[in-house]
Amino acid sequence: MTGSEVPRSFRLAYVPGVTPTKWVRIWNERLPDIPLTLVTVSAAEAPGLLRERGADAGFVRLPIDRTDLSAIPLYTETTVVVVPKDHVVAAVDEVSAEDLADDIVLHPLDDTLDWEVRPGQPAHARPATTADAVELVAAGVGLLVVPQSLARLHHRRDLTYRPVLDAPESRVALSWPEDETTELVEDFIGIVRGRTVNSSRGRATPPQPKRERPDAGGARRKPAAGKATGKSAGKSTGKATGKATGKSPRSGSGGPKGGRRGKPGRRS
């Protein structure tokens with residue numbers, strides 16, 4: 001599909017923690033006649049939603065199965081551990097995974113961090129969602145390691161978070177069905193990547209060609225060149241020739257010095 005047919009709206013999915021406000025604002029400024037509809041989806045369900053055409057494009061968390069999906073990585077988030085404010089971790093600026101070895105670290109079912117070996121002690125059961133895990137942290141059941149945007153999303157006054165230095169990081173990407181790279185998808189890619197409205201992939205009217213100016217300038221220069229040629233010809237054939245003719249007898253007689261040599265002969 002080449003995208004020659006423009007749909008009436010653009011559906012944009014996004015996973016928790018991603019804030020698409022800035023990009024939506026730019027879309028509304030550039031494409032006011034094409035409404036953008038936001039679709040909230042969990043990180044696990046986002047790829048399926050795109051494959052089923054439930055959205056034209058979406059912000060997802062990598063890694064995902066890229067079968068039939070295109071994806072452009074956009075940015076990487078810091079990973080943090082969410083702890084009660086009175087926990088010992090709250091007294092330091094950052095921690096390592098090894099520092100959490102003696103704590104119960106919750107592992108929600110919607111976790112997207114790609115761990116080789118998970119830190120801490122496992123809980124007896126996995127919370128269904130990150131939001132549920134945050135509630136358990138507040139209850140003193142354990143700690144939670146998540147991307148920083150999720151810690152901010154589920155912020156509570158009685159909780160805080162600190163960076164985990166050696167934890168896997170979460171990458172956010174813009175994804176869409178591979179065979180549905182429409183003009184509107186290209187427009188949104190341009191917005192996310194910071195292209196200007198007049199870029200080659202933008203929808204703005206391209207600047208008018210500037211071929212007429214050189215032609216007009218060339219037409220003005222040609223008569224000027226012709227006049228210059230006429231003047232130069234007049235100088236060379238008229239004035240320049242006349243001066244050369246008047247000076248030729250002197251040059252033939254050897255110039256002024258030759259005249260002086262002839263005067264002593266008259267006195268004799």
# chains A, B, ... in the order shown; residues from 1 in each chain; ligands from 1
>>> closest_atom_pairs(of="range 162-195 of chain A", to="range 111-124 of chain A", cutoff="9 Å", atoms="only C-alpha atoms", output="CSV")
residue,atom,partner,partner_atom,distance
A:Ala167,CA,A:Trp115,CA,7.7
A:Pro168,CA,A:Asp114,CA,6.2
A:Glu169,CA,A:Leu113,CA,6.9
A:Ser170,CA,A:Leu113,CA,6.2
>>> residues_around(residues="Arg171 in chain A", least_positions_apart="5", cutoff="7 Å", atoms="only C-alpha atoms", output="ChimeraX atom specification")
/A:61-62,73,75-77
>>> residues_around(residues="Gly48 in chain A", least_positions_apart="4", cutoff="12 Å", atoms="only C-alpha atoms", output="compact mmCIF listing (two decimals) with C-alpha atoms, in the first residue's frame")
# COMPACT_ATOMS: atom_id res chain seq x y z
CA ALA A 13 -1.41 3.82 20.02
CA VAL A 41 -2.64 -0.11 25.02
CA SER A 42 -0.49 -2.28 27.29
CA ALA A 43 3.07 -3.04 26.26
CA ALA A 44 2.23 -6.71 25.73
CA GLU A 52 -4.83 -6.15 13.57
CA ARG A 53 -4.91 -2.56 12.22
CA GLY A 54 -6.32 -1.26 15.49
CA ALA A 55 -3.94 1.69 15.06
CA ALA A 57 1.16 3.48 14.29
CA GLY A 58 2.13 3.21 17.92
CA VAL A 60 5.98 0.42 21.84
CA ILE A 64 9.00 -6.90 20.21
CA ASP A 65 8.43 -9.51 17.53
CA ARG A 66 9.07 -7.47 14.37
CA THR A 67 7.37 -9.95 12.04
CA ASP A 68 5.25 -7.78 9.72
CA LEU A 69 6.10 -4.69 11.79
CA SER A 175 6.16 0.98 15.13
CA TRP A 176 3.59 0.37 12.39
CA PRO A 177 2.47 -2.47 10.06
>>> atom_distance(atom1="CA of Pro16 in chain A", atom2="CA of Ala151 in chain A")
10.6 Å
>>> residues_around(residues="Phe188 in chain A", least_positions_apart="4", cutoff="10 Å", atoms="only C-alpha atoms", output="PyMOL selection string")
chain A and resi 10+12+23-24+26-27+57+174+182-184+192-195+202
>>> residues_around(residues="Pro84 in chain A", least_positions_apart="2", cutoff="9 Å", atoms="only C-alpha atoms", output="PDB file with N, CA and C atoms, in the first residue's frame")
ATOM      1  N   VAL A  82      11.909   1.166  42.559  1.00  0.00           N
ATOM      2  CA  VAL A  82      10.917   1.878  43.368  1.00  0.00           C
ATOM      3  C   VAL A  82      10.929   1.283  44.776  1.00  0.00           C
ATOM      4  N   ASP A  86      11.335   5.140  53.478  1.00  0.00           N
ATOM      5  CA  ASP A  86      12.145   4.815  54.648  1.00  0.00           C
ATOM      6  C   ASP A  86      13.074   3.627  54.399  1.00  0.00           C
ATOM      7  N   HIS A  87      13.163   3.160  53.151  1.00  0.00           N
ATOM      8  CA  HIS A  87      14.053   2.047  52.824  1.00  0.00           C
ATOM      9  C   HIS A  87      15.491   2.544  52.759  1.00  0.00           C
ATOM     10  N   VAL A  88      16.456   1.661  53.035  1.00  0.00           N
ATOM     11  CA  VAL A  88      17.864   2.043  53.034  1.00  0.00           C
ATOM     12  C   VAL A  88      18.316   2.554  51.668  1.00  0.00           C
ATOM     13  N   VAL A  89      17.720   2.066  50.598  1.00  0.00           N
ATOM     14  CA  VAL A  89      18.094   2.516  49.247  1.00  0.00           C
ATOM     15  C   VAL A  89      17.800   3.995  49.054  1.00  0.00           C
ATOM     16  N   ALA A  90      16.793   4.510  49.747  1.00  0.00           N
ATOM     17  CA  ALA A  90      16.430   5.920  49.599  1.00  0.00           C
ATOM     18  C   ALA A  90      17.526   6.859  50.087  1.00  0.00           C
ATOM     19  N   VAL A 137       4.592  -2.531  46.729  1.00  0.00           N
ATOM     20  CA  VAL A 137       5.774  -1.845  47.269  1.00  0.00           C
ATOM     21  C   VAL A 137       5.365  -0.920  48.408  1.00  0.00           C
ATOM     22  N   ALA A 138       4.272  -0.192  48.208  1.00  0.00           N
ATOM     23  CA  ALA A 138       3.791   0.708  49.255  1.00  0.00           C
ATOM     24  C   ALA A 138       3.372  -0.059  50.509  1.00  0.00           C
ATOM     25  N   ALA A 139       2.946  -1.300  50.295  1.00  0.00           N
ATOM     26  CA  ALA A 139       2.530  -2.137  51.436  1.00  0.00           C
ATOM     27  C   ALA A 139       3.710  -2.814  52.117  1.00  0.00           C
ATOM     28  N   GLY A 140       4.914  -2.616  51.580  1.00  0.00           N
ATOM     29  CA  GLY A 140       6.099  -3.195  52.189  1.00  0.00           C
ATOM     30  C   GLY A 140       6.369  -4.621  51.794  1.00  0.00           C
ATOM     31  N   LEU A 143      10.258  -4.714  46.432  1.00  0.00           N
ATOM     32  CA  LEU A 143      10.695  -3.578  45.621  1.00  0.00           C
ATOM     33  C   LEU A 143      10.309  -3.838  44.161  1.00  0.00           C
ATOM     34  N   ASP A 158       4.503   8.279  49.352  1.00  0.00           N
ATOM     35  CA  ASP A 158       5.244   7.427  50.297  1.00  0.00           C
ATOM     36  C   ASP A 158       6.323   6.590  49.615  1.00  0.00           C
ATOM     37  N   LEU A 159       6.509   6.774  48.305  1.00  0.00           N
ATOM     38  CA  LEU A 159       7.509   6.016  47.561  1.00  0.00           C
ATOM     39  C   LEU A 159       8.505   6.952  46.879  1.00  0.00           C
ATOM     40  N   THR A 160       9.667   6.409  46.595  1.00  0.00           N
ATOM     41  CA  THR A 160      10.669   7.131  45.814  1.00  0.00           C
ATOM     42  C   THR A 160      11.376   6.119  44.922  1.00  0.00           C
ATOM     43  N   TYR A 161      12.322   6.587  44.110  1.00  0.00           N
ATOM     44  CA  TYR A 161      13.047   5.648  43.232  1.00  0.00           C
ATOM     45  C   TYR A 161      14.483   6.124  43.040  1.00  0.00           C
TER      46      TYR A 161
END
>>> residues_around(residues="range 28-30 of chain A", least_positions_apart="3", cutoff="12 Å", atoms="only C-alpha atoms", output="list in words")
Ser9, Phe10, Thr21, Lys22, Trp23, Val24, Arg25, Asp33, Ile34, Pro35, Leu36, Thr37, Leu184, Asp187, Phe188, Gly190, Ile191, Arg195, Thr196, Val197, Asn198, Gly202, Arg203, Ala204 and Thr205 of chain A
>>> select_by_dssp(residues="range 33-101 of chain A", states="helix (DSSP H, G or I)", output="list in words")
Ala46, Pro47, Gly48, Leu49, Leu50, Arg51, Val88, Val89, Ala90, Ala91, Ala97, Glu98, Asp99 and Leu100 of chain A
>>> atom_distance(atom1="CA of Pro63 in chain A", atom2="CA of Arg152 in chain A")
21.7 Å
>>> atom_distance(atom1="CA of Gly142 in chain A", atom2="CA of Ala91 in chain A")
17.2 Å
>>> closest_residue(among="A:Ser70, A:Pro127, A:Val39, A:Thr19", to="Asp179 in chain A", atoms="only C-alpha atoms")
A:Ser70
>>> closest_residue(among="A:Leu165, A:Leu153, A:Val146, A:Ala128", to="Val18 in chain A", atoms="only C-alpha atoms")
A:Leu153
>>> select_by_dssp(residues="range 38-151 of chain A", states="strand (DSSP E)", output="PyMOL selection string")
chain A and resi 38-40+57-62+69-77+79-84+105-106+143-147
